[in-house]
Amino acid sequence: MVPSITFAYIKHFIDEKRLNPNNSSPFESDDIISILSHFSHSDESDIVIALTLMVEYISVKPKEIENVAKIISEYWIYDDIDYVNLYKRETTIIDAIINLSGNSEIGFHFSSLILPSYLKFTYSLTRAKGRQFMYGKYPVIISDELKNNRKKVWKWIISNISKIDHLVFIKKLYRDFYRTEL
């Protein structure tokens with residue numbers, strides 16, 4: 001019930017912004033994106049709705065696309081329980097992003113910024129519990145489900161290569177695969 005009320009309120013907020021862009025609101029862009037980003041480990045339907053609302057929001061505020069893509073690429077990516085769950089969450093996210101790519105130009109651009117992140121071989125995990133802080137870089141465990149997800153991503157990339165901004169795409173792949181941490 002709470003997710004549906006949250007989504008309805010955010011949808012109403014987005015529609016108000018679309019109709020009256022100069023209307024001041026107590027919420028800022030970061031608030032909306034922050035709220036939606038908390039649905040990354042929710043039910044499949046909530047994940048899809050959150051992603052859809054993010055695309056709707058960036059269609060109203062296109063300058064936010066990089067920030068939203070960064071949140072998805074960094075925080076909606078692999079974690080320590082995804083292998084055990086057969087990468088179902090990633091499958092849902094990838095399928096939703098691929099579907100959103102066909103709905104609008106902004107959805108396509110959003111997808112082209114995010115999908116390469118799901119080709120990574122490692123992920124970072126940060127956790128804090130009380131006074132303890134844990135940070136680590138871990139390998140993504142290869143499984144048939146992961147391979148199928150990567151095939152979907154590569155298939156999407158290959159079928160849309162003529163529409164993708166090649167320079168941005170290659171930089172994104174390079175950053176994701178060859179990121180060095182000092």
# chains A, B, ... in the order shown; residues from 1 in each chain; ligands from 1
$ residues_around --residues "A:Asn85" --least-positions-apart "4" --cutoff "12 Å" --atoms "only C-alpha atoms" --output "count of residues only"
12
$ residues_around --residues "A:Ile114" --least-positions-apart "4" --cutoff "12 Å" --atoms "only C-alpha atoms" --output "short mmCIF file (atom, residue, chain, number, x, y, z; two decimals) with C-alpha atoms, in the first residue's frame"
data_model
loop_
_atom_site.label_atom_id
_atom_site.label_comp_id
_atom_site.auth_asym_id
_atom_site.auth_seq_id
_atom_site.Cartn_x
_atom_site.Cartn_y
_atom_site.Cartn_z
CA LEU A 51 11.99 3.21 -13.26
CA ILE A 65 19.24 12.43 -16.78
CA GLU A 66 22.94 12.07 -15.88
CA ASN A 67 22.22 12.12 -12.13
CA VAL A 68 19.44 9.54 -12.41
CA ALA A 69 21.50 7.30 -14.71
CA LYS A 70 24.39 7.46 -12.25
CA ILE A 71 22.15 6.38 -9.36
CA ILE A 72 20.83 3.41 -11.33
CA SER A 73 24.27 2.48 -12.69
CA GLU A 74 25.92 2.59 -9.28
CA TYR A 75 23.26 1.62 -6.75
CA TRP A 76 20.79 -0.55 -8.66
CA ILE A 77 23.62 -2.76 -9.79
CA GLU A 90 18.73 -7.38 -12.46
CA ILE A 93 15.63 -3.91 -14.17
CA ILE A 94 17.19 -4.79 -17.53
CA ALA A 96 12.19 -2.64 -17.76
CA ILE A 97 14.98 -0.42 -19.08
CA ILE A 98 14.90 -2.12 -22.48
CA LEU A 100 11.44 2.02 -21.62
CA SER A 101 13.95 2.57 -24.42
CA GLY A 107 13.81 6.66 -22.47
CA PHE A 108 16.23 5.54 -25.17
CA HIS A 109 18.95 7.93 -24.00
CA PHE A 110 18.37 6.84 -20.38
CA TYR A 118 25.11 -4.45 -16.35
CA LEU A 119 28.11 -5.80 -18.26
CA LYS A 120 30.49 -5.21 -15.35
CA VAL A 153 22.03 -6.12 -23.04
CA TRP A 156 19.91 -4.30 -27.37
CA ILE A 157 23.25 -2.52 -27.92
CA VAL A 168 29.41 8.64 -24.67
CA PHE A 169 28.77 4.91 -24.94
CA LYS A 172 30.72 4.60 -20.28
CA LEU A 173 31.96 1.11 -21.16
CA ASP A 176 32.69 0.63 -16.10
#
$ select_by_dssp --residues "stretch 5-161 of chain A" --states "helix (DSSP H, G or I)" --output "PyMOL selection string"
chain A and resi 5-19+29-37+44-60+62-75+88-101+105-119+144-159
$ residues_around --residues "A:Gly136" --least-positions-apart "5" --cutoff "10 Å" --atoms "only C-alpha atoms" --output "PyMOL selection string"
chain A and resi 123-127
$ write_last_selection --atoms "N, CA and C atoms" --output "PDB file, in the first residue's frame"
ATOM      1  N   TYR A 123      31.649  -5.408  -8.707  1.00  0.00           N
ATOM      2  CA  TYR A 123      30.767  -4.404  -8.124  1.00  0.00           C
ATOM      3  C   TYR A 123      31.346  -3.974  -6.776  1.00  0.00           C
ATOM      4  N   SER A 124      30.987  -2.783  -6.356  1.00  0.00           N
ATOM      5  CA  SER A 124      31.415  -2.270  -5.058  1.00  0.00           C
ATOM      6  C   SER A 124      30.258  -2.396  -4.087  1.00  0.00           C
ATOM      7  N   LEU A 125      30.592  -2.688  -2.850  1.00  0.00           N
ATOM      8  CA  LEU A 125      29.571  -2.812  -1.819  1.00  0.00           C
ATOM      9  C   LEU A 125      30.035  -2.043  -0.592  1.00  0.00           C
ATOM     10  N   THR A 126      29.167  -1.166  -0.109  1.00  0.00           N
ATOM     11  CA  THR A 126      29.453  -0.382   1.077  1.00  0.00           C
ATOM     12  C   THR A 126      28.343  -0.624   2.082  1.00  0.00           C
ATOM     13  N   ARG A 127      28.720  -0.916   3.296  1.00  0.00           N
ATOM     14  CA  ARG A 127      27.727  -1.137   4.350  1.00  0.00           C
ATOM     15  C   ARG A 127      28.222  -0.481   5.627  1.00  0.00           C
TER      16      ARG A 127
END
$ residues_around --residues "A:Glu64" --least-positions-apart "4" --cutoff "12 Å" --atoms "only C-alpha atoms" --output "VMD selection string"
chain A and resid 28 to 30 32 to 33 54 to 60 68 to 71 106 110
$ write_last_selection --atoms "N, CA and C atoms" --output "CSV table (one decimal), in the first residue's frame"
chain,number,residue,atom,x,y,z
A,28,GLU,N,12.5,19.0,-4.2
A,28,GLU,CA,13.5,19.2,-5.2
A,28,GLU,C,13.7,17.9,-6.0
A,29,SER,N,14.4,18.1,-7.1
A,29,SER,CA,14.7,16.9,-7.9
A,29,SER,C,15.4,15.8,-7.1
A,30,ASP,N,16.3,16.2,-6.3
A,30,ASP,CA,17.0,15.1,-5.5
A,30,ASP,C,16.1,14.4,-4.6
A,32,ILE,N,12.8,13.6,-5.2
A,32,ILE,CA,12.0,12.7,-5.9
A,32,ILE,C,12.9,11.5,-6.3
A,33,ILE,N,14.1,11.8,-6.8
A,33,ILE,CA,15.0,10.7,-7.3
A,33,ILE,C,15.4,9.8,-6.1
A,54,MET,N,10.9,7.5,-13.0
A,54,MET,CA,12.2,8.2,-13.2
A,54,MET,C,12.3,8.7,-14.6
A,55,VAL,N,11.9,7.9,-15.6
A,55,VAL,CA,11.9,8.4,-17.0
A,55,VAL,C,10.9,9.5,-17.2
A,56,GLU,N,9.8,9.4,-16.6
A,56,GLU,CA,8.8,10.5,-16.7
A,56,GLU,C,9.3,11.7,-16.1
A,57,TYR,N,10.0,11.6,-15.0
A,57,TYR,CA,10.5,12.8,-14.3
A,57,TYR,C,11.6,13.4,-15.2
A,58,ILE,N,12.5,12.6,-15.7
A,58,ILE,CA,13.6,13.3,-16.5
A,58,ILE,C,13.0,13.8,-17.9
A,59,SER,N,11.9,13.3,-18.3
A,59,SER,CA,11.3,13.9,-19.5
A,59,SER,C,10.8,15.4,-19.2
A,60,VAL,N,10.5,15.6,-17.9
A,60,VAL,CA,10.1,17.0,-17.5
A,60,VAL,C,11.3,17.8,-17.1
A,68,VAL,N,20.3,10.7,-12.6
A,68,VAL,CA,19.4,9.5,-12.4
A,68,VAL,C,20.2,8.3,-13.0
A,69,ALA,N,20.8,8.4,-14.1
A,69,ALA,CA,21.5,7.3,-14.7
A,69,ALA,C,22.6,6.9,-13.8
A,70,LYS,N,23.3,7.8,-13.2
A,70,LYS,CA,24.4,7.5,-12.2
A,70,LYS,C,23.9,6.7,-11.0
A,71,ILE,N,22.7,7.1,-10.5
A,71,ILE,CA,22.1,6.4,-9.4
A,71,ILE,C,21.8,4.9,-9.7
A,106,ILE,N,13.9,10.2,-24.7
A,106,ILE,CA,14.5,10.3,-23.4
A,106,ILE,C,14.7,8.9,-22.8
A,110,PHE,N,18.3,7.4,-21.7
A,110,PHE,CA,18.4,6.8,-20.4
A,110,PHE,C,18.9,5.4,-20.4
$ residues_around --residues "stretch 45-50 of chain A" --least-positions-apart "5" --cutoff "8 Å" --atoms "only C-alpha atoms" --output "PyMOL selection string"
chain A and resi 3+7+36-37+39-40+92-93+96
$ write_last_selection --atoms "N, CA and C atoms" --output "compact mmCIF listing (two decimals), in the first residue's frame"
# COMPACT_ATOMS: atom_id res chain seq x y z
N PRO A 3 3.97 1.74 -1.21
CA PRO A 3 4.52 2.06 -2.52
C PRO A 3 3.49 2.67 -3.47
N PHE A 7 3.96 6.21 -5.19
CA PHE A 7 4.00 6.35 -6.64
C PHE A 7 2.92 7.31 -7.14
N LEU A 36 12.48 7.52 -5.17
CA LEU A 36 12.34 6.43 -6.15
C LEU A 36 13.52 5.45 -6.09
N SER A 37 14.70 5.94 -5.75
CA SER A 37 15.87 5.05 -5.72
C SER A 37 15.77 4.01 -4.61
N PHE A 39 13.46 2.01 -4.13
CA PHE A 39 12.67 0.86 -4.58
C PHE A 39 13.52 -0.15 -5.35
N SER A 40 14.83 -0.04 -5.27
CA SER A 40 15.70 -0.93 -6.04
C SER A 40 15.62 -2.39 -5.61
N THR A 92 14.73 -8.04 -13.95
CA THR A 92 13.58 -7.12 -13.93
C THR A 92 14.02 -5.72 -14.38
N ILE A 93 15.13 -5.25 -13.83
CA ILE A 93 15.63 -3.91 -14.17
C ILE A 93 16.01 -3.83 -15.64
N ALA A 96 12.93 -3.91 -17.86
CA ALA A 96 12.19 -2.64 -17.76
C ALA A 96 12.91 -1.53 -18.53
$ atom_distance --atom1 "atom CA of A:Val140" --atom2 "atom CA of A:Asp165"
27.2 Å
$ select_by_dssp --residues "stretch 36-137 of chain A" --states "strand (DSSP E or B)" --output "PyMOL selection string"
chain A and resi 122-129+132-137
